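Before any comments, here is the structure.
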Number of protein chains: 2
Amino acid sequence: MDRSPPHPDVSEFDLQKVLEALVDPVRRSIVTQLAAAGQDIACGAFDISVSKSTATHHFKVLREAGLIRQHYVGTSRMNTLRRAEMNGAFPGLLDALTTQRRAGHRGH
Amino acid sequence: MDRSPPHPDVSEFDLQKVLEALVDPVRRSIVTQLAAAGQDIACGAFDISVSKSTATHHFKVLREAGLIRQHYVGTSRMNTLRRAEMNGAFPGLLDALTTQRRAGHRGH
DNA sequence: ATCAAAGTACGATCGCGGTCAAACTTTGAT
DNA sequence: ATCAAAGTTTGACCGCGATCGTACTTTGAT
């Protein structure tokens, strides 16, 4: 386990990678849960229905796209939504995907 | 060739399908070109580098996601961006993807 | 009636990404 | 020193989607 995995700088954010990260329902759920919670969440504390190794893969994709920042707290890996940085690079994108759809439209 | 291919109603719009449509660079380019042009464009008039059969596939995916509306004009198939309807269903999403990124950030 | 233009339909290929299990590593308790 | 908890790594599998070529259809000129 590397203590500090590589995180892309804002200047390296790439829309294609961000979309590839967000198109997966499991990963989008992770981002949505982070946005709703408004605080850091450990990898194991998410409500997702995949194995641990698959979860690791998803977190890696999200991190490499710049959507989350990861750091260790004890044996747990905490995940932080890079909301402000994403908003700077792609204004409105995160909001459009994490905000609940208005009434009259089916949820998901 | 069916005269009027099936178009989903706004109430049937599905975020997952929209994202799956927009994650492909060729399809996103089509949407971007439509948004920039501000008018209908025929299938053959887009600047895309794939074969005709592949292009047909991409237009079908965009249509079934609700992103474009298609209608025939003579032998050409015109494509219209369903901008307002998309904005209604997923506010800000289309703008976030078709607006040029601000200076200081690499284009694509 | 012919012909070209514009797409569509149909298969086939093929690479990538999501998935898991198993083995391993690291940390923090006991 | 042991043990469990939390993730990671690796390798394998597998299905889906992007791609193309070929054949076909429809429309509009000539």
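Ordering of the structure tokens sets the chain letters (A, B, ...); residue numbers start at 1 within each chain; ligands are numbered from 1 in the order shown.
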For range 2-18 of chain D, work out the shell of residues within 8 Å, counting only C-alpha atoms (C1' of nucleotides) and skipping chain neighbours fewer than 2 positions away, then give it as a tab-separated table (two decimals) with N, CA and C atoms (P, O5', C5', C4', C3', O3' and C1' of nucleotides), in the first residue's frame.
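The resulting file, result01.tsv, is reproduced below:
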chain	number	residue	atom	x	y	z
A	1	MET	N	0.83	-1.21	0.00
A	1	MET	CA	0.00	0.00	0.00
A	1	MET	C	0.86	1.25	0.00
A	44	GLY	N	-14.68	1.25	2.61
A	44	GLY	CA	-15.56	0.17	3.03
A	44	GLY	C	-16.92	0.63	3.50
A	52	LYS	N	-14.52	-6.47	-2.91
A	52	LYS	CA	-13.51	-5.50	-2.48
A	52	LYS	C	-12.54	-5.17	-3.60
A	53	SER	N	-12.14	-6.18	-4.34
A	53	SER	CA	-11.16	-5.91	-5.40
A	53	SER	C	-11.76	-5.05	-6.50
A	56	THR	N	-11.84	-1.50	-5.19
A	56	THR	CA	-10.51	-0.89	-5.32
A	56	THR	C	-10.32	-0.34	-6.72
A	75	THR	N	-5.99	2.14	9.12
A	75	THR	CA	-6.03	1.13	8.07
A	75	THR	C	-7.11	1.43	7.04
A	76	SER	N	-7.84	2.50	7.29
A	76	SER	CA	-8.91	2.85	6.35
A	76	SER	C	-8.44	3.90	5.35
A	77	ARG	N	-8.97	3.78	4.18
A	77	ARG	CA	-8.65	4.77	3.15
A	77	ARG	C	-9.84	5.71	3.01
B	54	THR	N	-20.75	3.00	-39.14
B	54	THR	CA	-20.46	3.35	-37.75
B	54	THR	C	-21.19	4.64	-37.38
C	24	DC	P	0.73	-15.83	-0.93
C	24	DC	O5'	0.82	-14.26	-0.69
C	24	DC	C5'	1.00	-13.41	-1.82
C	24	DC	C4'	0.80	-11.95	-1.42
C	24	DC	C3'	1.53	-11.55	-0.13
C	24	DC	O3'	2.45	-10.52	-0.44
C	24	DC	C1'	-0.71	-10.73	-0.16
C	25	DT	P	3.43	-9.98	0.74
C	25	DT	O5'	2.68	-8.67	1.22
C	25	DT	C5'	2.40	-7.65	0.27
C	25	DT	C4'	1.88	-6.40	0.97
C	25	DT	C3'	2.64	-6.03	2.24
C	25	DT	O3'	2.78	-4.62	2.26
C	25	DT	C1'	0.35	-6.32	2.74
Distance-based interface of chain A with chain B, 6 Å, counting only C-alpha atoms, as a PyMOL selection string = chain A and resi 11+19+23+92-93+96+105
Give me, as a PyMOL selection string, the contact residues of chain D against chain B at a cut-off of 9 Å, counting only C-alpha atoms (C1' of nucleotides).
-> chain D and resi 18-20+25-28
Output for the residues just chosen: N, CA and C atoms (P, O5', C5', C4', C3', O3' and C1' of nucleotides) as a compact mmCIF listing (two decimals), in the first residue's frame:
# COMPACT_ATOMS: atom_id res chain seq x y z
P DA D 18 -20.09 2.41 -28.12
O5' DA D 18 -18.88 2.71 -29.11
C5' DA D 18 -17.56 2.53 -28.66
C4' DA D 18 -16.66 2.14 -29.82
C3' DA D 18 -16.98 2.84 -31.14
O3' DA D 18 -15.79 3.33 -31.72
C1' DA D 18 -16.98 0.49 -31.44
P DT D 19 -15.82 4.21 -33.03
O5' DT D 19 -15.51 3.14 -34.17
C5' DT D 19 -14.30 2.40 -34.13
C4' DT D 19 -14.32 1.28 -35.13
C3' DT D 19 -14.87 1.65 -36.51
O3' DT D 19 -13.83 2.08 -37.36
C1' DT D 19 -15.56 -0.54 -35.79
P DC D 20 -14.16 2.72 -38.79
O5' DC D 20 -14.30 1.44 -39.72
C5' DC D 20 -13.28 0.44 -39.66
C4' DC D 20 -13.74 -0.80 -40.42
C3' DC D 20 -14.28 -0.49 -41.80
O3' DC D 20 -13.41 -0.97 -42.79
C1' DC D 20 -15.70 -2.02 -40.57
P DT D 25 -33.44 -4.58 -50.66
O5' DT D 25 -33.62 -3.07 -50.21
C5' DT D 25 -33.75 -2.77 -48.82
C4' DT D 25 -34.05 -1.29 -48.64
C3' DT D 25 -35.08 -0.73 -49.61
O3' DT D 25 -35.95 0.14 -48.89
C1' DT D 25 -33.08 0.52 -49.76
P DT D 26 -37.40 0.45 -49.47
O5' DT D 26 -37.44 2.04 -49.44
C5' DT D 26 -36.68 2.72 -48.44
C4' DT D 26 -36.16 4.04 -48.97
C3' DT D 26 -37.11 4.73 -49.96
O3' DT D 26 -37.51 5.96 -49.41
C1' DT D 26 -34.85 4.81 -50.69
P DT D 27 -38.74 6.76 -50.05
O5' DT D 27 -38.03 8.04 -50.68
C5' DT D 27 -37.00 8.70 -49.93
C4' DT D 27 -36.09 9.47 -50.85
C3' DT D 27 -36.81 10.32 -51.90
O3' DT D 27 -36.55 11.68 -51.62
C1' DT D 27 -34.93 9.16 -52.81
P DG D 28 -37.33 12.81 -52.43
O5' DG D 28 -36.27 13.23 -53.55
C5' DG D 28 -34.93 13.47 -53.14
C4' DG D 28 -34.06 13.77 -54.34
C3' DG D 28 -34.71 14.64 -55.41
O3' DG D 28 -33.72 15.47 -55.98
C1' DG D 28 -34.09 12.58 -56.35
Expected answer as a list in words: chain C residues within 12 Å of chain B, only C-alpha atoms (C1' of nucleotides) |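 Close enough to count are DA4, DA5, DA6, DG7, DT8, DA9 and DC10 of chain C.
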DSSP-assigned helix (DSSP H, G or I) among range 8-54 of chain A, expressed as number ranges by chain | A: 10-12, 15-22, 25-37, 43-45, 52-54
Please, could you write that set of residues out with N, CA and C atoms as a short mmCIF file (atom, residue, chain, number, x, y, z; two decimals), in the first residue's frame?
data_model
loop_
_atom_site.label_atom_id
_atom_site.label_comp_id
_atom_site.auth_asym_id
_atom_site.auth_seq_id
_atom_site.Cartn_x
_atom_site.Cartn_y
_atom_site.Cartn_z
N VAL A 10 -5.09 19.69 -11.17
CA VAL A 10 -6.26 20.24 -11.89
C VAL A 10 -5.92 20.49 -13.35
N SER A 11 -4.68 20.91 -13.60
CA SER A 11 -4.28 21.21 -14.98
C SER A 11 -4.24 19.96 -15.84
N GLU A 12 -4.31 18.81 -15.18
CA GLU A 12 -4.26 17.56 -15.95
C GLU A 12 -5.64 16.93 -16.11
N LEU A 15 -11.60 15.77 -19.62
CA LEU A 15 -13.05 15.52 -19.67
C LEU A 15 -13.36 14.08 -20.05
N GLN A 16 -12.61 13.56 -21.00
CA GLN A 16 -12.87 12.19 -21.44
C GLN A 16 -12.74 11.22 -20.27
N LYS A 17 -11.69 11.38 -19.49
CA LYS A 17 -11.48 10.48 -18.35
C LYS A 17 -12.55 10.67 -17.30
N VAL A 18 -12.95 11.90 -17.09
CA VAL A 18 -13.98 12.18 -16.09
C VAL A 18 -15.29 11.50 -16.48
N LEU A 19 -15.62 11.60 -17.76
CA LEU A 19 -16.87 10.98 -18.21
C LEU A 19 -16.77 9.46 -18.15
N GLU A 20 -15.63 8.93 -18.53
CA GLU A 20 -15.46 7.47 -18.45
C GLU A 20 -15.59 7.01 -17.00
N ALA A 21 -15.17 7.85 -16.08
CA ALA A 21 -15.31 7.50 -14.67
C ALA A 21 -16.76 7.55 -14.24
N LEU A 22 -17.47 8.56 -14.69
CA LEU A 22 -18.83 8.80 -14.21
C LEU A 22 -19.90 7.98 -14.93
N PRO A 25 -22.25 3.06 -13.24
CA PRO A 25 -23.25 3.29 -12.19
C PRO A 25 -22.66 3.16 -10.79
N VAL A 26 -21.78 2.20 -10.60
CA VAL A 26 -21.19 2.01 -9.27
C VAL A 26 -20.37 3.24 -8.90
N ARG A 27 -19.56 3.71 -9.84
CA ARG A 27 -18.72 4.87 -9.54
C ARG A 27 -19.56 6.12 -9.37
N ARG A 28 -20.60 6.26 -10.20
CA ARG A 28 -21.44 7.44 -10.05
C ARG A 28 -22.14 7.41 -8.70
N SER A 29 -22.50 6.23 -8.25
CA SER A 29 -23.11 6.09 -6.94
C SER A 29 -22.13 6.53 -5.84
N ILE A 30 -20.88 6.16 -6.00
CA ILE A 30 -19.87 6.58 -5.02
C ILE A 30 -19.78 8.09 -4.95
N VAL A 31 -19.73 8.71 -6.13
CA VAL A 31 -19.64 10.17 -6.18
C VAL A 31 -20.90 10.80 -5.58
N THR A 32 -22.04 10.24 -5.90
CA THR A 32 -23.29 10.77 -5.36
C THR A 32 -23.34 10.66 -3.85
N GLN A 33 -22.91 9.54 -3.33
CA GLN A 33 -22.90 9.36 -1.89
C GLN A 33 -21.95 10.35 -1.21
N LEU A 34 -20.80 10.59 -1.86
CA LEU A 34 -19.86 11.56 -1.31
C LEU A 34 -20.45 12.96 -1.31
N ALA A 35 -21.10 13.29 -2.41
CA ALA A 35 -21.68 14.63 -2.53
C ALA A 35 -22.80 14.83 -1.52
N ALA A 36 -23.59 13.78 -1.31
CA ALA A 36 -24.71 13.89 -0.38
C ALA A 36 -24.22 13.96 1.06
N ALA A 37 -23.18 13.19 1.35
CA ALA A 37 -22.69 13.16 2.73
C ALA A 37 -22.02 14.47 3.11
N CYS A 43 -13.48 3.73 2.13
CA CYS A 43 -13.83 2.84 1.01
C CYS A 43 -14.87 1.82 1.42
N GLY A 44 -14.68 1.25 2.61
CA GLY A 44 -15.56 0.17 3.03
C GLY A 44 -16.92 0.63 3.50
N ALA A 45 -17.12 1.94 3.62
CA ALA A 45 -18.35 2.46 4.19
C ALA A 45 -19.37 2.84 3.14
N LYS A 52 -14.52 -6.47 -2.91
CA LYS A 52 -13.51 -5.50 -2.48
C LYS A 52 -12.54 -5.17 -3.60
N SER A 53 -12.14 -6.18 -4.34
CA SER A 53 -11.16 -5.91 -5.40
C SER A 53 -11.76 -5.05 -6.50
N THR A 54 -13.03 -5.28 -6.78
CA THR A 54 -13.70 -4.44 -7.77
C THR A 54 -13.83 -3.01 -7.25
#
Selection near Arg63 in chain B, 10 Å with only C-alpha atoms (C1' of nucleotides), sequence-local residues under 5 positions removed, as a PDB file with C-alpha atoms, in the first residue's frame:
ATOM      1  CA  PRO B   5     -37.583   6.456 -36.261  1.00  0.00           C
ATOM      2  CA  PRO B   6     -38.605   6.062 -32.606  1.00  0.00           C
ATOM      3  CA  HIS B   7     -37.803   8.975 -30.314  1.00  0.00           C
ATOM      4  CA  PRO B   8     -38.068   8.650 -26.551  1.00  0.00           C
ATOM      5  CA  VAL B  18     -27.455   9.789 -21.770  1.00  0.00           C
ATOM      6  CA  ALA B  21     -24.140   8.205 -25.283  1.00  0.00           C
ATOM      7  CA  HIS B  57     -24.776   3.463 -35.160  1.00  0.00           C
ATOM      8  CA  HIS B  58     -23.695   6.605 -33.305  1.00  0.00           C
ATOM      9  CA  ILE B  68     -31.090  14.308 -30.934  1.00  0.00           C
ATOM     10  CA  ARG B  69     -34.211  14.203 -33.061  1.00  0.00           C
ATOM     11  CA  GLN B  70     -33.982  12.929 -36.600  1.00  0.00           C
ATOM     12  CA  ASN B  79     -30.317  15.937 -36.843  1.00  0.00           C
ATOM     13  CA  THR B  80     -31.676  18.340 -34.250  1.00  0.00           C
ATOM     14  CA  LEU B  81     -30.256  18.753 -30.777  1.00  0.00           C
ATOM     15  CA  ARG B  82     -32.989  18.303 -28.183  1.00  0.00           C
TER      16      ARG B  82
END
Per-residue DSSP, range 18-101 of chain A, filtered to strand (DSSP E or B), as an NGL selection string = :A and (41-42 or 68-73 or 76-81)
Mind giving me the straight-line distance from CA of Gly66 in chain A to C1' of DT26 in chain C in Å, one decimal?
->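 Those two atoms sit 25.2 Å apart.
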